[in-house]
$ cat final_26.txt   # compact mmCIF, C-alpha atoms
# COMPACT_ATOMS: atom_id res chain seq x y z
CA MET A 1032 -40.66 33.55 -15.87
CA ALA A 1033 -41.97 30.73 -13.62
CA GLN A 1034 -39.42 28.89 -11.48
CA ARG A 1035 -40.22 25.53 -13.13
CA GLU A 1036 -39.61 27.02 -16.60
CA LEU A 1037 -36.35 28.55 -15.37
CA ASP A 1038 -35.23 25.19 -13.98
CA ASN A 1039 -36.09 23.39 -17.21
CA ARG A 1040 -34.24 26.00 -19.26
CA PHE A 1041 -30.95 25.72 -17.37
CA PHE A 1042 -31.04 22.01 -16.51
CA PRO A 1043 -29.33 20.84 -19.77
CA LEU A 1044 -26.57 23.42 -19.27
CA ILE A 1045 -25.97 22.32 -15.68
CA PHE A 1046 -26.18 18.65 -16.67
CA ASP A 1047 -23.44 19.03 -19.28
CA THR A 1048 -21.06 21.21 -17.27
CA ILE A 1049 -20.81 18.94 -14.19
CA SER A 1050 -17.34 17.38 -13.92
CA HIS A 1051 -18.78 13.93 -13.12
CA GLY A 1052 -20.25 11.55 -15.66
CA ILE A 1053 -24.03 11.24 -15.25
CA PHE A 1054 -26.58 9.08 -17.00
CA THR A 1055 -30.16 7.99 -16.31
CA ILE A 1056 -32.06 4.83 -17.20
CA ASP A 1057 -35.73 3.96 -17.38
CA ALA A 1058 -37.41 1.09 -15.54
CA ASP A 1059 -36.24 -1.34 -18.24
CA GLY A 1060 -32.58 -0.39 -17.77
CA ARG A 1061 -32.28 1.59 -21.03
CA ILE A 1062 -30.27 4.82 -21.06
CA THR A 1063 -32.43 7.94 -21.28
CA SER A 1064 -29.78 10.67 -20.82
CA PHE A 1065 -25.99 10.87 -20.99
CA ASN A 1066 -24.01 14.01 -20.15
CA ARG A 1067 -20.90 15.38 -21.84
CA THR A 1068 -18.48 14.18 -19.16
CA ALA A 1069 -19.90 10.66 -19.52
CA GLU A 1070 -19.16 10.91 -23.24
CA ASP A 1071 -15.58 12.02 -22.58
CA LEU A 1072 -14.90 9.31 -20.00
CA THR A 1073 -16.44 6.36 -21.88
CA GLY A 1074 -15.66 7.36 -25.46
CA TYR A 1075 -19.31 6.88 -26.48
CA SER A 1076 -21.44 9.70 -27.90
CA LYS A 1077 -24.90 10.42 -26.57
CA GLU A 1078 -26.45 9.28 -29.86
CA GLU A 1079 -24.73 5.89 -29.58
CA VAL A 1080 -26.01 5.07 -26.10
CA LEU A 1081 -29.54 6.51 -25.85
CA GLY A 1082 -32.07 3.70 -25.77
CA GLN A 1083 -29.36 1.05 -25.16
CA PRO A 1084 -29.27 -1.20 -22.07
CA CYS A 1085 -26.63 0.30 -19.78
CA HIS A 1086 -24.88 -3.05 -19.21
CA GLN A 1087 -24.14 -3.31 -22.95
CA ILE A 1088 -22.40 0.07 -22.87
CA PHE A 1089 -20.43 -0.16 -19.63
CA GLN A 1090 -19.73 -3.93 -19.56
CA ALA A 1091 -18.74 -3.69 -15.90
CA ASP A 1092 -17.61 -6.80 -14.06
CA PHE A 1093 -20.71 -6.75 -11.80
CA CYS A 1094 -23.43 -5.74 -14.30
CA GLU A 1095 -25.22 -9.06 -14.53
CA LEU A 1096 -24.63 -10.11 -10.91
CA ASP A 1097 -25.11 -7.20 -8.54
CA CYS A 1098 -25.67 -3.86 -10.27
CA PRO A 1099 -25.80 -1.01 -7.70
CA LEU A 1100 -28.05 1.06 -10.01
CA LYS A 1101 -30.58 -1.75 -10.38
CA ARG A 1102 -30.39 -2.35 -6.65
CA SER A 1103 -31.17 1.33 -5.98
CA ILE A 1104 -34.19 1.16 -8.30
CA LYS A 1105 -35.43 -2.01 -6.60
CA THR A 1106 -34.86 -1.01 -2.96
CA GLY A 1107 -34.87 2.79 -3.07
CA GLU A 1108 -31.51 2.85 -1.28
CA ARG A 1109 -28.62 4.98 -2.50
CA SER A 1110 -25.14 3.63 -3.06
CA GLU A 1111 -22.11 5.85 -2.56
CA ALA A 1112 -18.61 5.73 -4.07
CA VAL A 1113 -18.64 2.09 -5.14
CA GLU A 1114 -15.38 1.37 -6.96
CA VAL A 1115 -15.80 -0.63 -10.18
CA THR A 1116 -14.07 -1.10 -13.52
CA VAL A 1117 -15.85 -0.58 -16.86
CA LEU A 1118 -14.77 -0.89 -20.48
CA ARG A 1119 -14.43 2.21 -22.63
CA LYS A 1120 -15.49 2.14 -26.28
CA ASP A 1121 -11.83 1.66 -27.29
CA GLY A 1122 -11.57 -1.42 -25.06
CA ARG A 1123 -9.48 0.17 -22.33
CA ARG A 1124 -10.41 -0.59 -18.73
CA LEU A 1125 -11.55 2.46 -16.77
CA PRO A 1126 -11.66 2.44 -12.95
CA ILE A 1127 -14.51 4.61 -11.67
CA ALA A 1128 -16.37 5.37 -8.44
CA ILE A 1129 -20.14 5.32 -8.86
CA SER A 1130 -23.06 6.64 -6.82
CA THR A 1131 -26.62 5.61 -7.65
CA ALA A 1132 -30.18 6.51 -6.71
CA ALA A 1133 -33.70 5.77 -7.87
CA LEU A 1134 -35.67 8.39 -9.86
CA VAL A 1135 -39.08 8.87 -8.24
CA ASP A 1136 -41.89 11.09 -9.57
CA ALA A 1137 -44.13 13.40 -7.53
CA ASP A 1138 -46.54 10.51 -6.85
CA GLY A 1139 -43.80 8.28 -5.47
CA ARG A 1140 -43.58 6.01 -8.50
CA VAL A 1141 -40.14 4.75 -9.49
CA MET A 1142 -39.42 5.93 -13.04
CA GLY A 1143 -35.85 4.63 -13.32
CA GLY A 1144 -32.47 5.47 -11.87
CA VAL A 1145 -29.54 7.86 -12.05
CA GLU A 1146 -25.85 7.08 -11.80
CA MET A 1147 -23.02 9.55 -11.29
CA PHE A 1148 -19.44 8.41 -11.76
CA ARG A 1149 -15.94 9.85 -11.60
CA ASP A 1150 -12.62 8.75 -13.08
CA LEU A 1151 -10.31 6.93 -10.66
CA SER A 1152 -7.43 6.40 -13.11
CA ALA A 1153 -5.09 8.78 -11.27
CA VAL A 1154 -6.07 7.29 -7.90
CA ALA A 1155 -5.57 3.76 -9.21
CA GLU A 1156 -2.12 4.64 -10.56
CA LEU A 1157 -1.13 6.29 -7.28
CA ARG A 1158 -2.42 3.28 -5.34
CA LYS A 1159 -0.49 0.96 -7.64
CA ARG A 1160 2.75 2.88 -7.09
CA LEU A 1161 2.13 3.08 -3.34
CA MET A 1162 1.32 -0.62 -3.03
CA GLY A 1163 4.33 -1.41 -5.20
CA SER A 1164 6.58 0.03 -2.53
CA TYR A 1165 4.85 -2.04 0.14
CA VAL A 1166 4.57 -5.41 -1.65
CA PHE A 1167 7.51 -7.73 -2.19
CA GLU A 1168 6.78 -11.13 -3.78
CA ASP A 1169 3.27 -11.26 -2.17
CA ILE A 1170 4.65 -10.08 1.20
CA VAL A 1171 2.79 -6.91 2.22
CA SER A 1172 4.39 -4.52 4.69
CA LYS A 1173 5.51 -0.95 5.22
CA SER A 1174 7.22 -1.76 8.53
CA PRO A 1175 10.91 -0.75 8.68
CA SER A 1176 11.81 -4.14 10.16
CA MET A 1177 10.12 -5.94 7.26
CA HIS A 1178 11.73 -3.67 4.69
CA ARG A 1179 15.13 -4.68 6.04
CA ILE A 1180 14.06 -8.27 5.32
CA PHE A 1181 12.96 -7.18 1.82
CA GLU A 1182 16.54 -5.99 1.28
CA LEU A 1183 17.99 -9.27 2.57
CA ILE A 1184 15.82 -11.63 0.49
CA PRO A 1185 17.44 -10.84 -2.93
CA LEU A 1186 20.90 -11.16 -1.38
CA ALA A 1187 19.99 -14.57 0.01
CA ALA A 1188 18.44 -15.57 -3.32
CA ASN A 1189 21.62 -14.74 -5.24
CA SER A 1190 23.64 -17.19 -3.15
CA GLN A 1191 23.39 -20.97 -2.84
CA SER A 1192 23.74 -20.84 0.95
CA HIS A 1193 21.31 -22.50 3.31
CA VAL A 1194 18.77 -20.20 4.95
CA ILE A 1195 16.93 -20.49 8.23
CA ILE A 1196 13.73 -18.48 8.78
CA GLU A 1197 12.45 -17.99 12.31
CA GLY A 1198 9.13 -16.51 13.34
CA GLU A 1199 5.88 -17.19 15.11
CA THR A 1200 3.18 -19.26 13.45
CA GLY A 1201 1.39 -17.25 10.76
CA THR A 1202 4.10 -14.62 10.19
CA GLY A 1203 4.71 -15.69 6.57
CA LYS A 1204 7.77 -17.93 6.71
CA GLU A 1205 6.74 -19.92 3.63
CA LEU A 1206 6.12 -16.70 1.68
CA VAL A 1207 9.69 -15.59 2.41
CA ALA A 1208 11.03 -19.01 1.40
CA ARG A 1209 9.09 -18.88 -1.87
CA ALA A 1210 10.35 -15.35 -2.52
CA ILE A 1211 13.95 -16.54 -2.11
CA HIS A 1212 13.29 -19.43 -4.51
CA ASN A 1213 11.48 -17.24 -7.07
CA LEU A 1214 14.38 -14.77 -7.18
CA SER A 1215 17.08 -17.43 -7.41
CA VAL A 1216 18.63 -19.24 -10.38
CA ARG A 1217 16.51 -22.25 -9.34
CA ARG A 1218 13.24 -20.40 -10.01
CA ASN A 1219 12.31 -22.66 -12.95
CA LYS A 1220 12.76 -25.82 -10.89
CA PRO A 1221 10.39 -27.18 -8.19
CA PHE A 1222 9.71 -25.57 -4.82
CA VAL A 1223 8.70 -28.29 -2.36
CA ALA A 1224 7.52 -27.63 1.21
CA VAL A 1225 7.44 -30.30 3.95
CA ASN A 1226 5.91 -29.84 7.40
CA CYS A 1227 8.39 -31.77 9.53
CA ALA A 1228 6.25 -31.49 12.67
CA ALA A 1229 3.29 -33.29 11.11
CA LEU A 1230 4.94 -36.72 10.75
CA PRO A 1231 6.64 -39.22 13.08
CA ASP A 1232 10.26 -40.14 12.34
CA GLN A 1233 9.79 -43.18 10.06
CA LEU A 1234 7.07 -41.52 8.00
CA LEU A 1235 9.11 -38.32 7.77
CA GLU A 1236 12.17 -40.24 6.60
CA SER A 1237 10.21 -41.99 3.85
CA GLU A 1238 8.51 -38.72 2.94
CA LEU A 1239 11.83 -36.89 2.58
CA PHE A 1240 14.00 -39.61 1.05
CA GLY A 1241 11.49 -42.00 -0.52
CA TYR A 1242 11.59 -45.79 -0.42
CA LYS A 1243 12.16 -48.82 -2.61
CA LYS A 1244 9.68 -51.60 -3.30
CA GLY A 1245 9.66 -54.05 -0.40
CA ALA A 1246 11.22 -51.64 2.11
CA PHE A 1247 8.28 -52.45 4.41
CA THR A 1248 5.03 -54.38 4.26
CA ASP A 1249 2.92 -51.90 2.28
CA ALA A 1250 5.74 -50.79 -0.04
CA LYS A 1251 4.29 -52.31 -3.25
CA LYS A 1252 6.38 -50.09 -5.55
CA ASP A 1253 9.14 -47.47 -5.46
CA LYS A 1254 8.11 -44.05 -4.15
CA PRO A 1255 10.22 -40.93 -4.73
CA GLY A 1256 10.79 -38.66 -1.73
CA ARG A 1257 10.51 -34.90 -1.48
CA PHE A 1258 14.23 -34.42 -2.10
CA THR A 1259 13.83 -36.25 -5.41
CA MET A 1260 10.78 -34.12 -6.26
CA ALA A 1261 12.75 -30.95 -5.48
CA GLU A 1262 15.80 -31.95 -7.56
CA GLY A 1263 17.41 -28.84 -9.04
CA GLY A 1264 15.10 -26.61 -7.01
CA THR A 1265 14.42 -25.72 -3.38
CA ILE A 1266 13.05 -27.70 -0.45
CA LEU A 1267 11.52 -25.96 2.58
CA LEU A 1268 11.82 -27.96 5.78
CA ASP A 1269 9.09 -26.29 7.81
CA GLU A 1270 9.11 -26.55 11.62
CA ILE A 1271 12.54 -28.17 11.57
CA GLY A 1272 12.89 -27.41 15.28
CA ASP A 1273 10.40 -30.21 16.03
CA ILE A 1274 12.31 -33.13 14.49
CA SER A 1275 13.97 -35.82 16.61
CA PRO A 1276 17.75 -36.08 17.24
CA ALA A 1277 17.88 -39.22 15.05
CA MET A 1278 16.29 -37.37 12.14
CA GLN A 1279 18.62 -34.45 12.70
CA VAL A 1280 21.58 -36.75 12.06
CA LYS A 1281 20.13 -37.90 8.73
CA LEU A 1282 19.49 -34.30 7.62
CA LEU A 1283 23.00 -33.31 8.64
CA ARG A 1284 24.39 -35.95 6.26
CA VAL A 1285 22.32 -34.52 3.38
CA LEU A 1286 23.71 -31.04 4.05
CA GLU A 1287 27.33 -32.24 4.45
CA VAL A 1288 27.75 -34.73 1.58
CA LYS A 1289 24.82 -33.70 -0.68
CA GLU A 1290 23.34 -37.19 -0.82
CA TYR A 1291 20.67 -39.32 0.88
CA THR A 1292 19.63 -42.97 1.07
CA PRO A 1293 16.04 -44.06 0.34
CA LEU A 1294 14.52 -46.63 2.68
CA GLY A 1295 15.04 -50.23 1.56
CA THR A 1296 18.37 -49.74 -0.19
CA ASN A 1297 22.02 -49.05 0.57
CA GLN A 1298 22.46 -47.07 -2.62
CA SER A 1299 22.96 -43.34 -1.99
CA VAL A 1300 21.40 -40.72 -4.26
CA LYS A 1301 23.02 -37.37 -5.06
CA ALA A 1302 20.95 -34.33 -4.14
CA ASP A 1303 21.14 -31.05 -6.04
CA VAL A 1304 18.67 -29.25 -3.79
CA ARG A 1305 18.85 -25.97 -1.93
CA VAL A 1306 17.63 -26.33 1.65
CA ILE A 1307 15.67 -23.62 3.43
CA ALA A 1308 14.55 -24.38 6.98
CA SER A 1309 11.90 -22.60 9.01
CA THR A 1310 10.78 -22.83 12.61
CA ASN A 1311 8.63 -21.10 15.20
CA ARG A 1312 11.30 -21.85 17.80
CA ASN A 1313 14.46 -19.96 18.70
CA LEU A 1314 16.96 -22.53 17.44
CA ALA A 1315 19.94 -20.92 19.17
CA ARG A 1316 18.13 -21.40 22.49
CA GLU A 1317 17.19 -24.97 21.50
CA VAL A 1318 20.91 -25.68 20.90
CA GLN A 1319 21.78 -24.29 24.34
CA LYS A 1320 19.17 -26.58 25.90
CA LYS A 1321 20.62 -29.58 23.99
CA ARG A 1322 17.36 -30.13 22.10
CA PHE A 1323 18.84 -29.33 18.68
CA ARG A 1324 22.21 -30.42 17.32
CA ALA A 1325 24.73 -27.59 17.21
CA ASP A 1326 26.42 -28.95 14.05
CA LEU A 1327 23.10 -29.06 12.17
CA TYR A 1328 22.21 -25.59 13.41
CA PHE A 1329 25.49 -24.10 12.19
CA ARG A 1330 25.09 -25.87 8.84
CA LEU A 1331 21.66 -24.28 8.40
CA ASN A 1332 22.42 -20.91 9.96
CA VAL A 1333 24.33 -19.35 7.07
CA VAL A 1334 21.63 -16.76 6.43
CA ARG A 1335 19.16 -16.16 9.27
CA ILE A 1336 15.92 -14.26 8.78
CA VAL A 1337 13.73 -13.47 11.80
CA LEU A 1338 10.15 -12.40 11.00
CA PRO A 1339 8.51 -10.05 13.54
CA PRO A 1340 5.02 -10.89 14.83
CA LEU A 1341 2.11 -8.76 13.64
CA SER A 1342 1.87 -7.21 17.11
CA GLU A 1343 5.24 -5.54 16.44
CA ARG A 1344 4.18 -4.08 13.10
CA ARG A 1345 0.60 -2.96 13.63
CA GLU A 1346 1.04 -0.19 11.06
CA ASP A 1347 0.72 -3.00 8.49
CA ILE A 1348 -2.80 -4.00 9.57
CA PRO A 1349 -4.74 -1.46 7.42
CA LEU A 1350 -2.50 -2.32 4.47
CA LEU A 1351 -3.02 -6.06 4.95
CA VAL A 1352 -6.79 -5.63 5.38
CA ASN A 1353 -7.05 -3.82 2.03
CA HIS A 1354 -4.79 -6.45 0.43
CA PHE A 1355 -7.02 -9.30 1.66
CA ILE A 1356 -10.21 -7.48 0.62
CA GLU A 1357 -8.84 -7.15 -2.92
CA ARG A 1358 -7.75 -10.79 -2.95
CA PHE A 1359 -11.07 -12.20 -1.76
CA ASN A 1360 -13.02 -9.92 -4.09
CA ALA A 1361 -11.06 -11.47 -6.97
CA LEU A 1362 -11.37 -15.05 -5.68
CA GLN A 1363 -15.04 -14.92 -4.73
CA GLY A 1364 -16.42 -12.43 -7.25
CA ARG A 1365 -17.56 -10.09 -4.47
CA ARG A 1366 -17.64 -6.28 -4.43
CA ILE A 1367 -16.76 -5.44 -0.83
CA VAL A 1368 -15.08 -2.04 -0.90
CA ARG A 1369 -14.04 -1.36 2.68
CA CYS A 1370 -14.40 -2.16 6.35
CA SER A 1371 -15.97 0.25 8.82
CA GLU A 1372 -13.91 2.37 11.20
CA ARG A 1373 -15.16 0.27 14.12
CA VAL A 1374 -13.84 -2.84 12.38
CA MET A 1375 -10.45 -1.25 11.71
CA ALA A 1376 -10.23 -0.03 15.32
CA ALA A 1377 -11.08 -3.54 16.54
CA LEU A 1378 -8.43 -5.12 14.33
CA MET A 1379 -5.83 -2.56 15.38
CA GLY A 1380 -6.52 -3.36 19.04
CA TYR A 1381 -6.62 -7.16 18.74
CA SER A 1382 -3.58 -9.22 19.79
CA PHE A 1383 -3.43 -11.57 16.75
CA GLN A 1384 -1.69 -14.55 18.30
CA GLY A 1385 -1.99 -16.20 14.89
CA ASN A 1386 -0.39 -13.18 13.21
CA VAL A 1387 -1.02 -12.45 9.51
CA ARG A 1388 -2.69 -15.81 8.93
CA GLU A 1389 -5.24 -15.09 11.67
CA LEU A 1390 -5.94 -11.65 10.17
CA GLU A 1391 -6.42 -13.22 6.74
CA ASN A 1392 -8.81 -15.80 8.20
CA ALA A 1393 -10.77 -13.02 9.93
CA ILE A 1394 -11.27 -11.16 6.63
CA GLU A 1395 -12.22 -14.39 4.84
CA HIS A 1396 -14.79 -15.08 7.59
CA ALA A 1397 -16.17 -11.57 7.10
CA PHE A 1398 -16.56 -12.23 3.37
CA VAL A 1399 -18.70 -15.27 4.15
CA VAL A 1400 -21.18 -13.42 6.37
CA CYS A 1401 -21.07 -9.81 5.08
CA ILE A 1402 -24.20 -8.95 3.08
CA GLY A 1403 -23.32 -5.39 2.03
CA ASP A 1404 -20.32 -3.68 0.49
CA THR A 1405 -18.80 -2.73 3.86
CA ILE A 1406 -17.50 -5.15 6.50
CA GLN A 1407 -19.15 -4.37 9.84
CA LEU A 1408 -18.05 -5.32 13.36
CA GLU A 1409 -20.58 -8.14 13.58
CA ASP A 1410 -19.04 -9.71 10.43
CA LEU A 1411 -15.77 -10.43 12.25
CA PRO A 1412 -15.21 -13.78 14.03
CA SER A 1413 -16.92 -13.86 17.41
CA HIS A 1414 -13.69 -14.24 19.39
CA ILE A 1415 -12.35 -10.97 17.94
CA VAL A 1416 -15.61 -9.14 18.62
CA ALA A 1417 -15.63 -10.48 22.18
CA ALA A 1418 -12.04 -9.32 22.72
CA VAL A 1419 -12.86 -5.72 21.80
CA THR A 1420 -16.24 -5.17 23.46
CA GLU A 1421 -16.74 -1.68 24.88
CA SER A 1422 -16.14 -2.76 28.47
CA HIS A 1423 -12.66 -3.97 27.56
CA VAL A 1424 -11.67 -1.43 24.93
CA SER A 1425 -8.57 0.52 25.90
CA ALA A 1426 -7.84 4.12 24.97
CA LYS A 1427 -5.47 2.82 22.30
CA THR A 1428 -8.23 0.81 20.63
CA ARG A 1429 -10.65 3.77 20.62
CA LEU A 1430 -8.30 5.83 18.49
CA ARG A 1431 -9.12 6.30 14.85
CA PRO A 1432 -7.34 3.74 12.62
CA LEU A 1433 -4.75 6.18 11.27
CA ASP A 1434 -4.07 7.51 14.77
CA ASN A 1435 -3.69 3.96 16.01
CA ALA A 1436 -1.17 3.22 13.28
CA GLU A 1437 0.78 6.38 14.18
CA ALA A 1438 0.74 5.46 17.86
CA GLU A 1439 2.07 1.97 17.12
CA THR A 1440 4.81 3.42 14.91
CA ILE A 1441 5.87 5.76 17.73
CA ARG A 1442 5.92 2.88 20.21
CA THR A 1443 8.04 0.78 17.82
CA VAL A 1444 10.57 3.54 17.21
CA LEU A 1445 10.79 4.43 20.92
CA SER A 1446 11.37 0.77 21.76
CA LYS A 1447 14.07 0.56 19.11
CA HIS A 1448 15.92 3.49 20.73
CA PHE A 1449 15.26 2.24 24.30
CA GLY A 1450 12.99 5.21 25.07
CA ASN A 1451 15.43 7.89 23.85
CA ARG A 1452 13.06 10.59 22.59
CA ASN A 1453 15.77 12.58 20.78
CA ARG A 1454 16.75 9.64 18.60
CA ALA A 1455 13.14 8.54 18.12
CA ALA A 1456 12.10 12.04 17.02
CA ALA A 1457 15.02 12.18 14.57
CA GLU A 1458 14.03 8.86 12.98
CA LEU A 1459 10.37 9.92 12.77
CA GLY A 1460 11.34 13.26 11.22
CA ILE A 1461 9.57 15.36 13.86
CA SER A 1462 10.72 17.64 16.65
CA ARG A 1463 11.18 16.40 20.20
CA ASN A 1464 8.28 18.62 21.38
CA THR A 1465 5.99 17.22 18.68
CA LEU A 1466 6.91 13.71 19.72
CA TRP A 1467 6.18 14.55 23.37
CA ARG A 1468 2.74 15.95 22.45
CA LYS A 1469 1.90 12.85 20.43
CA MET A 1470 3.04 10.60 23.25
CA LYS A 1471 0.73 12.43 25.68
CA ARG A 1472 -2.12 12.29 23.16
CA TYR A 1473 -1.81 8.52 22.68
CA GLY A 1474 -1.09 7.74 26.32
CA ILE A 1475 2.42 6.42 25.61
CA GLU A 1476 4.55 6.19 28.73

$ encode --input "final_26.txt" --output "C-alpha cells"
Amino acid sequence: MAQRELDNRFFPLIFDTISHGIFTIDADGRITSFNRTAEDLTGYSKEEVLGQPCHQIFQADFCELDCPLKRSIKTGERSEAVEVTVLRKDGRRLPIAISTAALVDADGRVMGGVEMFRDLSAVAELRKRLMGSYVFEDIVSKSPSMHRIFELIPLAANSQSHVIIEGETGTGKELVARAIHNLSVRRNKPFVAVNCAALPDQLLESELFGYKKGAFTDAKKDKPGRFTMAEGGTILLDEIGDISPAMQVKLLRVLEVKEYTPLGTNQSVKADVRVIASTNRNLAREVQKKRFRADLYFRLNVVRIVLPPLSERREDIPLLVNHFIERFNALQGRRIVRCSERVMAALMGYSFQGNVRELENAIEHAFVVCIGDTIQLEDLPSHIVAAVTESHVSAKTRLRPLDNAEAETIRTVLSKHFGNRNRAAAELGISRNTLWRKMKRYGIE
C-alpha cells in the first residue's frame, strides 16, 4: 500500500483521537472539518457546524475584531496558546487556549486555516482561587507584610475609629481607605476623597466645609462642602501632612465636637462622617519637628496602617503585571496575553519610585504602543528601558522572573530577622543549607 494511501486511511482516526479540539476552515471562513474533541468541548455536532462560518459557532469576544485564525490565513504566521473565551452551544462560557496556522497546498496557495484548542476551565478555576487569595478589595498582593494589612482592614472597618494611612506616593492609600469604607456599616453612604495638598488654606476650608451666599465676592449661592457631601459616610483627607497649622486647628474641632462651620455664617453644622487620613509623610516625625499638631495626630492615630513601597515587596510585581494586563484588556478591548521574560526581568529590576501607580502606568503605556499579543521591552516607557540597559543590568536583574521573585523574598525575610539565617530558613520552610545555597546563587550577602 502506498504511503499516501496509508496516510489518508488513518488520518480520520488520528484526527478524532487527539485530545485537543481541531477544526479547519476554507478561504471564506466556513468550517470544513470538526473533530470529536471539538464536538465534546463546544456541544455542537459535526453535522451542525460543517459549512457554517466559524464566528457564528464560537461567538468569541474577538471574532469580528482580531481573529487569530483569519490573521494566520492572511499573513501566514502561526499563533500559539492565545487565551480566549467562547460560547458553548448551551450558552456556557468556555475558556480555551488556541493555536492557529494557515493551510497551504503543494503549490503554495492558501486553502484556508486550521485551529487547535484546549480546555482551560480547570486552569481558569485554579487561577481564580489563587488570585482570590491574593486580592483583597482590588488590592493585589501576596507579600506577608500586605497580608497583615489585609487582616487589619476588616478590624478597622468594624469600628468607627479614625484611621491614618501612611505610605509613599502610589502605594495604594486610597484603595485601602475605600476598602475600609466598603466593609463598614457606612458602605451604602458616600465615600468622598479630598487632596488636601492641592489647595491653599482658604480654598481648602471652603472645599471641606462649604460656604454661604455672600461669604465672599464670587459666592453667588450656597455651596455644600465635602463634609456635607460625605454625610453618613466616609471622608478621606489625602496628604493631610501638608496642611497648615491654622487648618489643622479647624480639623481638630471637627474631630473633637463632630461639627463644622461653613464660611459666611456663625451657624455650626453637625457632622456624622468617619474621617480617614492619609499621608506620604511620617506624621510622628512631623510632630517631633513641630510641623504637625500633636493633639490632631493623636486624634487621628487610633488605627495606623503603614503601606510598604513596591521595592519592599517585589514578589508582587509579576502578580500586579498580570492584574493590570487583565484590567486593560477589559477596558480597551485588547487581547494582550503576556509580557516577555525580558520585560518581566526589567520590571523586577526597576526601582519604581512611583510604586504601584508607576507600574500601572508602565503597563498602560505598553498597551498603547504594543502591536502584538506580547508586551516587548521596547513597549515599556523609555525611562524604564534606559534604566535597565545591558551595561547597567545587575546580576539580580538578569535572573529569570521567578528566580528574581524568590531572591527578593529571601532578602525580605532575612531583613526581617536581621540576617539570622536560622530564623529566616524556618520562616521560608527550607533548611539552613538550602538557604545558604540560594543566597550564594542570587549573590545575597

$ closest_residue --input "final_26.txt" --among "A:Arg1442, A:His1212, A:Arg1149, A:Lys1173" --to "Pro1349 (chain A)" --atoms "all atoms listed in the file"
A:Lys1173

$ residues_around --input "final_26.txt" --residues "region 1405-1415 of chain A" --least-positions-apart "3" --cutoff "8 Å" --atoms "only C-alpha atoms" --output "list in words"
Ile1367, Val1368, Arg1369, Cys1370, Ser1371, Arg1373, Val1374, Ala1377, Leu1378, Tyr1381, Ala1393, Ile1394, His1396, Ala1397, Phe1398, Val1400, Cys1401, Ala1418 and Val1419 of chain A

$ closest_residue --input "final_26.txt" --among "A:Ile1088, A:Ala1058, A:Pro1255, A:Arg1119" --to "Arg1140 (chain A)" --atoms "all atoms listed in the file"
A:Ala1058

$ closest_residue --input "final_26.txt" --among "A:Thr1073, A:Thr1202, A:Asn1219, A:Asn1453" --to "Asn1311 (chain A)" --atoms "all atoms listed in the file"
A:Thr1202

$ atom_distance --input "final_26.txt" --atom1 "CA of Gly1201 (chain A)" --atom2 "CA of Phe1359 (chain A)"
18.4 Å

$ closest_residue --input "final_26.txt" --among "A:Gly1295, A:Pro1126, A:Pro1276, A:Gly1364" --to "Ala1325 (chain A)" --atoms "all atoms listed in the file"
A:Pro1276

$ residues_around --input "final_26.txt" --residues "Glu1290 (chain A)" --least-positions-apart "3" --cutoff "9 Å" --atoms "all atoms listed in the file" --output "list in words"
Arg1284, Val1285, Leu1286, Glu1287, Ser1299, Val1300, Lys1301, Ala1302 and Asp1303 of chain A

$ residues_near_point --input "final_26.txt" --point "(-33.1, 5.7, -26.1)" --cutoff "7 Å" --atoms "all atoms listed in the file" --output "MDAnalysis selection string"
chainID A and resid 1061:1063 1081:1083

$ closest_residue --input "final_26.txt" --among "A:Ile1184, A:Val1194, A:Leu1350, A:Leu1230" --to "Tyr1328 (chain A)" --atoms "only C-alpha atoms"
A:Val1194

$ closest_residue --input "final_26.txt" --among "A:Ile1441, A:Gln1090, A:Val1223, A:Ala1188" --to "Arg1454 (chain A)" --atoms "all atoms listed in the file"
A:Ile1441

$ atom_distance --input "final_26.txt" --atom1 "CA of Thr1296 (chain A)" --atom2 "CA of Lys1244 (chain A)"
9.4 Å

$ residues_around --input "final_26.txt" --residues "Glu1168 (chain A)" --least-positions-apart "6" --cutoff "9 Å" --atoms "all atoms listed in the file" --output "JSON, numbers by chain"
{"A": [1206, 1207, 1209, 1210, 1213]}
